[in-house]
Each structure stands twice: as C-alpha cells, then as structure tokens.
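**Student:** So here's coords05.txt (compact mmCIF, N, CA, C and O atoms).
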```
# COMPACT_ATOMS: atom_id res chain seq x y z
N MET G 203 -9.72 41.39 -71.83
CA MET G 203 -10.65 41.99 -72.76
C MET G 203 -10.18 41.76 -74.19
O MET G 203 -10.99 41.45 -75.05
N LEU G 204 -8.89 41.93 -74.44
CA LEU G 204 -8.39 41.72 -75.80
C LEU G 204 -8.59 40.28 -76.25
O LEU G 204 -8.94 40.03 -77.40
N ARG G 205 -8.39 39.36 -75.31
CA ARG G 205 -8.57 37.95 -75.66
C ARG G 205 -10.03 37.67 -76.01
O ARG G 205 -10.33 36.94 -76.94
N SER G 206 -10.96 38.25 -75.26
CA SER G 206 -12.38 38.08 -75.55
C SER G 206 -12.72 38.65 -76.92
O SER G 206 -13.51 38.06 -77.66
N LEU G 207 -12.13 39.79 -77.25
CA LEU G 207 -12.36 40.39 -78.57
C LEU G 207 -11.82 39.48 -79.67
O LEU G 207 -12.46 39.32 -80.71
N ALA G 208 -10.66 38.90 -79.43
CA ALA G 208 -10.07 38.00 -80.43
C ALA G 208 -10.95 36.77 -80.62
O ALA G 208 -11.19 36.33 -81.76
N ASP G 209 -11.44 36.19 -79.51
CA ASP G 209 -12.33 35.03 -79.61
C ASP G 209 -13.59 35.39 -80.40
O ASP G 209 -14.04 34.62 -81.24
N ALA G 210 -14.16 36.56 -80.13
CA ALA G 210 -15.37 36.99 -80.83
C ALA G 210 -15.10 37.18 -82.31
O ALA G 210 -15.92 36.81 -83.16
N ALA G 211 -13.94 37.74 -82.65
CA ALA G 211 -13.59 37.95 -84.06
C ALA G 211 -13.42 36.62 -84.78
O ALA G 211 -13.90 36.45 -85.91
N LEU G 212 -12.77 35.66 -84.14
CA LEU G 212 -12.60 34.33 -84.75
C LEU G 212 -13.95 33.66 -84.96
O LEU G 212 -14.22 33.09 -86.02
N ALA G 213 -14.80 33.72 -83.96
CA ALA G 213 -16.13 33.10 -84.06
C ALA G 213 -16.94 33.74 -85.18
O ALA G 213 -17.64 33.04 -85.92
N SER G 214 -16.84 35.05 -85.35
CA SER G 214 -17.62 35.74 -86.39
C SER G 214 -17.16 35.35 -87.79
O SER G 214 -17.91 35.43 -88.74
N GLU G 215 -15.91 34.90 -87.90
CA GLU G 215 -15.37 34.45 -89.19
C GLU G 215 -15.59 32.96 -89.41
O GLU G 215 -15.13 32.41 -90.39
N GLY G 216 -16.26 32.30 -88.48
CA GLY G 216 -16.58 30.88 -88.65
C GLY G 216 -15.53 29.94 -88.08
O GLY G 216 -15.64 28.73 -88.25
N PHE G 217 -14.51 30.46 -87.41
CA PHE G 217 -13.51 29.59 -86.80
C PHE G 217 -14.04 29.11 -85.45
O PHE G 217 -14.61 29.89 -84.70
N PRO G 218 -13.83 27.82 -85.15
CA PRO G 218 -14.33 27.32 -83.87
C PRO G 218 -13.48 27.87 -82.72
O PRO G 218 -12.26 27.96 -82.81
N VAL G 219 -14.14 28.25 -81.67
CA VAL G 219 -13.44 28.64 -80.43
C VAL G 219 -13.97 27.76 -79.33
O VAL G 219 -15.04 27.16 -79.45
N GLY G 220 -13.22 27.64 -78.24
CA GLY G 220 -13.62 26.76 -77.15
C GLY G 220 -14.98 27.12 -76.59
O GLY G 220 -15.46 28.24 -76.71
N GLU G 221 -15.61 26.12 -75.99
CA GLU G 221 -16.91 26.36 -75.37
C GLU G 221 -16.79 27.41 -74.29
O GLU G 221 -15.77 27.52 -73.63
N GLN G 222 -17.85 28.16 -74.10
CA GLN G 222 -17.88 29.18 -73.06
C GLN G 222 -17.84 28.51 -71.70
O GLN G 222 -18.62 27.59 -71.43
N GLN G 223 -16.96 28.95 -70.84
CA GLN G 223 -16.89 28.44 -69.49
C GLN G 223 -17.63 29.41 -68.57
O GLN G 223 -17.64 30.62 -68.79
N TYR G 224 -18.26 28.85 -67.55
CA TYR G 224 -19.04 29.64 -66.60
C TYR G 224 -18.53 29.39 -65.18
O TYR G 224 -17.92 28.35 -64.91
N CYS G 225 -18.81 30.34 -64.30
CA CYS G 225 -18.45 30.20 -62.89
C CYS G 225 -19.72 30.43 -62.05
O CYS G 225 -20.44 31.41 -62.27
N LEU G 226 -19.95 29.55 -61.11
CA LEU G 226 -21.08 29.70 -60.20
C LEU G 226 -20.67 30.66 -59.09
O LEU G 226 -19.68 30.45 -58.41
N VAL G 227 -21.46 31.73 -58.94
CA VAL G 227 -21.22 32.73 -57.90
C VAL G 227 -22.39 32.69 -56.94
O VAL G 227 -23.55 32.80 -57.35
N ARG G 228 -22.06 32.51 -55.67
CA ARG G 228 -23.11 32.43 -54.65
C ARG G 228 -22.69 33.29 -53.46
O ARG G 228 -21.63 33.07 -52.88
N GLY G 229 -23.48 34.29 -53.15
CA GLY G 229 -23.17 35.16 -52.02
C GLY G 229 -21.87 35.92 -52.19
O GLY G 229 -21.14 36.13 -51.22
N GLY G 230 -21.54 36.30 -53.42
CA GLY G 230 -20.31 37.04 -53.67
C GLY G 230 -19.05 36.19 -53.69
O GLY G 230 -17.95 36.72 -53.77
N GLU G 231 -19.20 34.87 -53.62
CA GLU G 231 -18.07 33.95 -53.62
C GLU G 231 -18.09 33.09 -54.88
O GLU G 231 -19.15 32.66 -55.34
N LEU G 232 -16.89 32.81 -55.42
CA LEU G 232 -16.76 31.91 -56.56
C LEU G 232 -16.84 30.48 -56.03
O LEU G 232 -16.10 30.12 -55.12
N VAL G 233 -17.77 29.68 -56.59
CA VAL G 233 -18.01 28.34 -56.05
C VAL G 233 -17.38 27.26 -56.92
O VAL G 233 -16.60 26.45 -56.44
N THR G 234 -17.71 27.23 -58.20
CA THR G 234 -17.21 26.20 -59.10
C THR G 234 -17.32 26.68 -60.54
O THR G 234 -17.97 27.70 -60.81
N THR G 235 -16.70 25.96 -61.47
CA THR G 235 -16.78 26.31 -62.88
C THR G 235 -17.39 25.14 -63.65
O THR G 235 -17.39 24.01 -63.19
N GLY G 236 -17.91 25.45 -64.84
CA GLY G 236 -18.49 24.42 -65.69
C GLY G 236 -18.75 24.96 -67.07
O GLY G 236 -18.60 26.16 -67.34
N PHE G 237 -19.14 24.08 -67.99
CA PHE G 237 -19.37 24.48 -69.37
C PHE G 237 -20.84 24.70 -69.69
O PHE G 237 -21.19 25.59 -70.43
N LYS G 238 -21.72 23.86 -69.18
CA LYS G 238 -23.14 23.99 -69.47
C LYS G 238 -23.87 24.05 -68.14
O LYS G 238 -24.28 23.03 -67.60
N PRO G 239 -23.99 25.25 -67.59
CA PRO G 239 -24.55 25.35 -66.24
C PRO G 239 -26.04 25.01 -66.18
O PRO G 239 -26.79 25.27 -67.09
N ALA G 240 -26.40 24.41 -65.06
CA ALA G 240 -27.80 24.15 -64.76
C ALA G 240 -28.22 25.15 -63.69
O ALA G 240 -27.38 25.81 -63.08
N LYS G 241 -29.51 25.27 -63.46
CA LYS G 241 -29.99 26.18 -62.43
C LYS G 241 -29.44 25.73 -61.08
O LYS G 241 -29.44 24.55 -60.75
N ASP G 242 -28.96 26.70 -60.29
CA ASP G 242 -28.42 26.39 -58.97
C ASP G 242 -29.55 26.36 -57.95
O ASP G 242 -30.23 27.37 -57.76
N PRO G 243 -29.77 25.23 -57.28
CA PRO G 243 -30.88 25.14 -56.32
C PRO G 243 -30.67 26.04 -55.10
O PRO G 243 -31.62 26.34 -54.39
N ASP G 244 -29.45 26.48 -54.86
CA ASP G 244 -29.16 27.32 -53.70
C ASP G 244 -29.16 28.81 -54.03
O ASP G 244 -28.71 29.62 -53.23
N GLY G 245 -29.63 29.17 -55.22
CA GLY G 245 -29.80 30.57 -55.57
C GLY G 245 -28.58 31.27 -56.14
O GLY G 245 -28.58 32.48 -56.28
N GLY G 246 -27.56 30.51 -56.48
CA GLY G 246 -26.38 31.11 -57.09
C GLY G 246 -26.63 31.52 -58.53
O GLY G 246 -27.65 31.15 -59.13
N GLU G 247 -25.70 32.27 -59.08
CA GLU G 247 -25.82 32.73 -60.47
C GLU G 247 -24.60 32.27 -61.26
O GLU G 247 -23.47 32.41 -60.81
N TRP G 248 -24.85 31.70 -62.45
CA TRP G 248 -23.76 31.30 -63.34
C TRP G 248 -23.39 32.49 -64.22
O TRP G 248 -24.23 33.01 -64.95
N LEU G 249 -22.14 32.93 -64.13
CA LEU G 249 -21.66 34.04 -64.94
C LEU G 249 -20.61 33.53 -65.92
O LEU G 249 -19.79 32.67 -65.56
N PRO G 250 -20.61 34.04 -67.16
CA PRO G 250 -19.58 33.62 -68.11
C PRO G 250 -18.21 34.10 -67.64
O PRO G 250 -18.08 35.18 -67.07
N ILE G 251 -17.20 33.28 -67.88
CA ILE G 251 -15.82 33.66 -67.54
C ILE G 251 -15.24 34.40 -68.73
O ILE G 251 -15.26 33.91 -69.86
N GLU G 252 -14.74 35.60 -68.48
CA GLU G 252 -14.10 36.41 -69.52
C GLU G 252 -12.60 36.26 -69.39
O GLU G 252 -12.04 36.39 -68.29
N ASN G 253 -11.93 35.99 -70.49
CA ASN G 253 -10.47 35.86 -70.52
C ASN G 253 -9.85 37.17 -70.97
O ASN G 253 -10.36 37.81 -71.90
N GLU G 254 -8.78 37.58 -70.29
CA GLU G 254 -8.08 38.78 -70.70
C GLU G 254 -6.59 38.64 -70.38
O GLU G 254 -6.20 37.84 -69.53
N ASP G 255 -5.79 39.41 -71.09
CA ASP G 255 -4.36 39.47 -70.83
C ASP G 255 -4.09 40.68 -69.95
O ASP G 255 -4.83 41.66 -69.99
N ASN G 256 -3.01 40.62 -69.14
CA ASN G 256 -2.72 41.75 -68.26
C ASN G 256 -2.06 42.92 -69.00
O ASN G 256 -1.88 43.99 -68.43
N GLN G 257 -1.67 42.70 -70.27
CA GLN G 257 -1.14 43.76 -71.12
C GLN G 257 -1.29 43.29 -72.57
O GLN G 257 -1.54 42.12 -72.82
N PRO G 258 -1.14 44.18 -73.55
CA PRO G 258 -1.28 43.77 -74.95
C PRO G 258 -0.32 42.61 -75.27
O PRO G 258 0.83 42.60 -74.83
N PHE G 259 -0.83 41.64 -76.03
CA PHE G 259 -0.08 40.43 -76.35
C PHE G 259 0.26 40.38 -77.83
O PHE G 259 -0.60 40.57 -78.68
N ASP G 260 1.54 40.13 -78.12
CA ASP G 260 2.02 39.92 -79.49
C ASP G 260 2.77 38.59 -79.47
O ASP G 260 3.81 38.49 -78.82
N PRO G 261 2.28 37.55 -80.16
CA PRO G 261 2.92 36.24 -80.07
C PRO G 261 4.38 36.23 -80.54
O PRO G 261 5.15 35.36 -80.13
N ALA G 262 4.78 37.18 -81.34
CA ALA G 262 6.18 37.24 -81.77
C ALA G 262 7.08 37.78 -80.66
O ALA G 262 8.28 37.50 -80.65
N LEU G 263 6.51 38.52 -79.72
CA LEU G 263 7.32 39.18 -78.69
C LEU G 263 7.07 38.69 -77.27
O LEU G 263 7.89 38.95 -76.38
N HIS G 264 5.95 37.99 -77.04
CA HIS G 264 5.55 37.67 -75.68
C HIS G 264 5.27 36.19 -75.47
O HIS G 264 4.97 35.46 -76.40
N TRP G 265 5.33 35.80 -74.20
CA TRP G 265 4.84 34.52 -73.73
C TRP G 265 3.58 34.81 -72.90
O TRP G 265 3.52 35.80 -72.19
N ARG G 266 2.61 33.93 -73.00
CA ARG G 266 1.41 34.02 -72.15
C ARG G 266 1.57 32.93 -71.08
O ARG G 266 1.67 31.75 -71.40
N LEU G 267 1.60 33.33 -69.82
CA LEU G 267 1.81 32.39 -68.72
C LEU G 267 0.50 31.80 -68.23
O LEU G 267 -0.58 32.20 -68.68
N LYS G 268 0.60 30.86 -67.29
CA LYS G 268 -0.61 30.25 -66.71
C LYS G 268 -1.48 31.34 -66.12
O LYS G 268 -0.99 32.32 -65.57
N PRO G 269 -2.79 31.15 -66.18
CA PRO G 269 -3.69 32.21 -65.67
C PRO G 269 -3.62 32.35 -64.15
O PRO G 269 -3.33 31.41 -63.43
N LEU G 270 -3.92 33.56 -63.74
CA LEU G 270 -4.06 33.85 -62.31
C LEU G 270 -5.39 33.27 -61.84
O LEU G 270 -6.26 32.95 -62.66
N PRO G 271 -5.59 33.15 -60.52
CA PRO G 271 -6.88 32.65 -60.04
C PRO G 271 -8.03 33.54 -60.53
O PRO G 271 -7.86 34.75 -60.72
N LEU G 272 -9.18 32.91 -60.74
CA LEU G 272 -10.36 33.66 -61.16
C LEU G 272 -10.68 34.75 -60.15
O LEU G 272 -10.43 34.58 -58.95
N ARG G 273 -11.23 35.86 -60.65
CA ARG G 273 -11.64 36.93 -59.74
C ARG G 273 -13.02 37.44 -60.15
O ARG G 273 -13.38 37.45 -61.32
N LEU G 274 -13.77 37.83 -59.14
CA LEU G 274 -15.08 38.43 -59.36
C LEU G 274 -14.88 39.93 -59.47
O LEU G 274 -14.29 40.55 -58.59
N ASP G 275 -15.31 40.49 -60.59
CA ASP G 275 -15.14 41.92 -60.86
C ASP G 275 -16.52 42.49 -61.14
O ASP G 275 -16.96 42.54 -62.29
N GLY G 276 -17.22 42.88 -60.09
CA GLY G 276 -18.59 43.38 -60.25
C GLY G 276 -19.51 42.25 -60.66
O GLY G 276 -19.66 41.27 -59.95
N GLU G 277 -20.09 42.38 -61.85
CA GLU G 277 -21.02 41.37 -62.36
C GLU G 277 -20.37 40.45 -63.38
O GLU G 277 -21.05 39.87 -64.23
N ARG G 278 -19.04 40.32 -63.31
CA ARG G 278 -18.35 39.42 -64.24
C ARG G 278 -17.25 38.66 -63.53
O ARG G 278 -16.73 39.10 -62.50
N VAL G 279 -16.90 37.51 -64.09
CA VAL G 279 -15.81 36.69 -63.58
C VAL G 279 -14.70 36.76 -64.62
O VAL G 279 -14.94 36.57 -65.82
N VAL G 280 -13.47 37.03 -64.16
CA VAL G 280 -12.36 37.28 -65.07
C VAL G 280 -11.22 36.30 -64.81
O VAL G 280 -10.85 36.06 -63.66
N ARG G 281 -10.68 35.76 -65.90
CA ARG G 281 -9.46 34.95 -65.85
C ARG G 281 -8.39 35.77 -66.56
O ARG G 281 -8.51 36.05 -67.75
N THR G 282 -7.35 36.17 -65.83
CA THR G 282 -6.29 37.01 -66.38
C THR G 282 -5.05 36.19 -66.66
O THR G 282 -4.59 35.42 -65.80
N TYR G 283 -4.51 36.35 -67.87
CA TYR G 283 -3.28 35.70 -68.27
C TYR G 283 -2.13 36.70 -68.21
O TYR G 283 -2.17 37.72 -68.89
N PRO G 284 -1.10 36.43 -67.38
CA PRO G 284 0.07 37.30 -67.38
C PRO G 284 0.82 37.19 -68.72
O PRO G 284 0.97 36.10 -69.26
N VAL G 285 1.26 38.32 -69.22
CA VAL G 285 2.02 38.37 -70.46
C VAL G 285 3.40 38.91 -70.13
O VAL G 285 3.54 39.92 -69.45
N VAL G 286 4.45 38.20 -70.60
CA VAL G 286 5.83 38.65 -70.36
C VAL G 286 6.59 38.62 -71.67
O VAL G 286 6.27 37.86 -72.59
N ALA G 287 7.63 39.46 -71.74
CA ALA G 287 8.48 39.50 -72.93
C ALA G 287 9.23 38.18 -73.06
O ALA G 287 9.63 37.59 -72.07
N LYS G 288 9.42 37.71 -74.29
CA LYS G 288 10.13 36.46 -74.51
C LYS G 288 11.58 36.52 -74.03
O LYS G 288 12.19 35.50 -73.78
N SER G 289 12.14 37.70 -73.86
CA SER G 289 13.52 37.80 -73.40
C SER G 289 13.65 37.54 -71.90
O SER G 289 14.74 37.29 -71.41
N GLN G 290 12.53 37.56 -71.16
CA GLN G 290 12.57 37.28 -69.72
C GLN G 290 12.57 35.79 -69.48
O GLN G 290 11.94 35.02 -70.20
N GLU G 291 13.29 35.36 -68.46
CA GLU G 291 13.36 33.93 -68.11
C GLU G 291 12.35 33.62 -67.03
O GLU G 291 12.21 34.35 -66.06
N HIS G 292 11.65 32.50 -67.20
CA HIS G 292 10.67 32.06 -66.20
C HIS G 292 10.82 30.56 -65.99
O HIS G 292 11.01 29.81 -66.93
N ALA G 293 10.71 30.15 -64.73
CA ALA G 293 10.82 28.72 -64.40
C ALA G 293 9.56 27.99 -64.71
O ALA G 293 8.51 28.51 -64.76
```
Since I need it in another form, could you write the structure as structure tokens?

**Tutor:**
Amino acid sequence: MLRSLADAALASEGFPVGEQQYCLVRGGELVTTGFKPAKDPDGGEWLPIENEDNQPFDPALHWRLKPLPLRLDGERVVRTYPVVAKSQEHA
C-alpha cells in the first residue's frame, strides 16, 4: 500500500512511473500478467497489480528483497516486497 501511495505521489508531481501491470484472474485463479490487457474471451477479469511492502520502508535503513508470488486478495492482486534491515545478511 505504501508503495502504491508513493507511485501515486510521484505521478501527481509529473515524475514518470512504470506502466501499470495487470493480472488476468479467471475462476479465482491467477492466470497471467501483462501491461495492456485485452478482453479475455474466456470471461476472465484483468485486475491491476498493487505493489506493497510487508513493513514500512526507509531506504537508509532497509533493503527491499525480490517480491513474493502474486496473491489474490478479494478484488485485488497484490505483489508484496519483503523489507529487511540493512544489518541483516541475505544470500
């Protein structure tokens, strides 16, 4: 959620942010992702992917790790980035 807020704030100030990514959801299952979705002939729905951190992120204190697998959370698709303190070691 914080990452989405940051992206929205940057966009409102005229800074370019990456294209919105979408995920095709069909029958409660995540099918595929894309940038400019077309209508799904099999009745699926394209939902925007929301990016969020698993805890508050401060670039001076934290590392943002590779995202966890996408998850369907009600009517939204979420990509969560684990955040760890820079003092922790990770392979």

**Student:** So how far away is atom CA of G:Asn256 from atom O of G:Glu277, in Å?

**Tutor:**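 Computing the Euclidean distance for atom O of G:Glu277 and atom CA of G:Asn256 yields 18.9 Å.
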
**Student:** With distances taken over only C-alpha atoms, which of G:Pro284, G:Pro271, G:Gly276, G:Gly245 is nearest to G:Pro258?

**Tutor:**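 Of G:Pro284, G:Pro271, G:Gly276, G:Gly245, the one nearest G:Pro258 is G:Pro284, counting only C-alpha atoms.
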
**Student:** Between G:Glu247, G:Glu252, G:Asp209, G:Asp260, which is the closest to G:Gly229 once you count only C-alpha atoms?

**Tutor:** G:Glu247

**Student:** With distances taken over only N, CA, C and O atoms, which of G:Lys288, G:Arg281, G:Arg228, G:Arg266 is nearest to G:Glu254?

**Tutor:**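 Result for the nearest residue to G:Glu254: G:Arg281.
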
**Student:** Record the distance separating atom N of G:Asp275 and atom C of G:Ala287, expressed in Å with one decimal.

**Tutor:**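 Interatomic distance, atom N of G:Asp275 to atom C of G:Ala287: 27.6 Å.
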
**Student:** To one decimal in Å, tell me the separation between atom CA of G:Trp248 and atom O of G:Leu270.

**Tutor:** 17.6 Å

**Student:** So that I can see what lies close to G:Trp265, please list as a list in words the residues with an atom at most 12 Å from it, counting only C-alpha atoms and leaving out residues fewer than 2 positions away in the same chain.

**Tutor:** Asp255, Asn256, Gln257, Pro258, Phe259, Asp260, Pro261, Ala262, Leu263, Leu267, Lys268, Pro269, Tyr283, Pro284, Val285, Val286, Ala287, Lys288, Ser289, Gln290, Glu291 and His292 of chain G

**Student:** Determine the nearest neighbour of G:Glu221 from the options G:Val233, G:Leu274, G:Ile251, G:Asp242, counting all atoms listed in the file.

**Tutor:**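 Among the listed residues, G:Ile251 lies closest to G:Glu221.
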
**Student:** From a DSSP calculation on the backbone, collect every residue of stretch 214-266 of chain G in strand (DSSP E) and output the set as a list in words.

**Tutor:**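 Here is the list: Tyr224, Cys225, Leu226, Val227, Arg228, Glu231, Leu232, Val233, Thr234, Thr235, Gly236, Glu247, Trp248, Leu249, Pro250, Ile251, Glu252, Asn253, Glu254, Asp255, His264, Trp265 and Arg266 of chain G.
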
**Student:** Put a box with edges along x, y and z around all the listed atoms of stretch 277-289 of chain G, pad it by 3 Å on each side, then give me its centre and sizes in Å, one decimal, as AutoDock Vina command-line options.

**Tutor:**
```
--center_x -3.2 --center_y 38.7 --center_z -68.2 --size_x 41.8 --size_y 13.4 --size_z 18.7
```

**Student:** Could you pull the residues within 8 Å of G:Lys238, counting only N, CA, C and O atoms, minus those fewer than 3 positions along the same chain, as an mmCIF file with N, CA, C and O atoms, keeping the file's coordinate frame?

**Tutor:**
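Result saved to selection.cif:
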```cif
data_model
loop_
_atom_site.group_PDB
_atom_site.id
_atom_site.type_symbol
_atom_site.label_atom_id
_atom_site.label_comp_id
_atom_site.auth_asym_id
_atom_site.auth_seq_id
_atom_site.Cartn_x
_atom_site.Cartn_y
_atom_site.Cartn_z
ATOM 1 N N GLU G 221 -15.610 26.120 -75.990
ATOM 2 C CA GLU G 221 -16.910 26.360 -75.370
ATOM 3 C C GLU G 221 -16.790 27.410 -74.290
ATOM 4 O O GLU G 221 -15.770 27.520 -73.630
ATOM 5 N N GLN G 222 -17.850 28.160 -74.100
ATOM 6 C CA GLN G 222 -17.880 29.180 -73.060
ATOM 7 C C GLN G 222 -17.840 28.510 -71.700
ATOM 8 O O GLN G 222 -18.620 27.590 -71.430
ATOM 9 N N GLN G 223 -16.960 28.950 -70.840
ATOM 10 C CA GLN G 223 -16.890 28.440 -69.490
ATOM 11 C C GLN G 223 -17.630 29.410 -68.570
ATOM 12 O O GLN G 223 -17.640 30.620 -68.790
ATOM 13 N N TYR G 224 -18.260 28.850 -67.550
ATOM 14 C CA TYR G 224 -19.040 29.640 -66.600
ATOM 15 C C TYR G 224 -18.530 29.390 -65.180
ATOM 16 O O TYR G 224 -17.920 28.350 -64.910
ATOM 17 N N THR G 235 -16.700 25.960 -61.470
ATOM 18 C CA THR G 235 -16.780 26.310 -62.880
ATOM 19 C C THR G 235 -17.390 25.140 -63.650
ATOM 20 O O THR G 235 -17.390 24.010 -63.190
ATOM 21 N N LYS G 241 -29.510 25.270 -63.460
ATOM 22 C CA LYS G 241 -29.990 26.180 -62.430
ATOM 23 C C LYS G 241 -29.440 25.730 -61.080
ATOM 24 O O LYS G 241 -29.440 24.550 -60.750
#
```
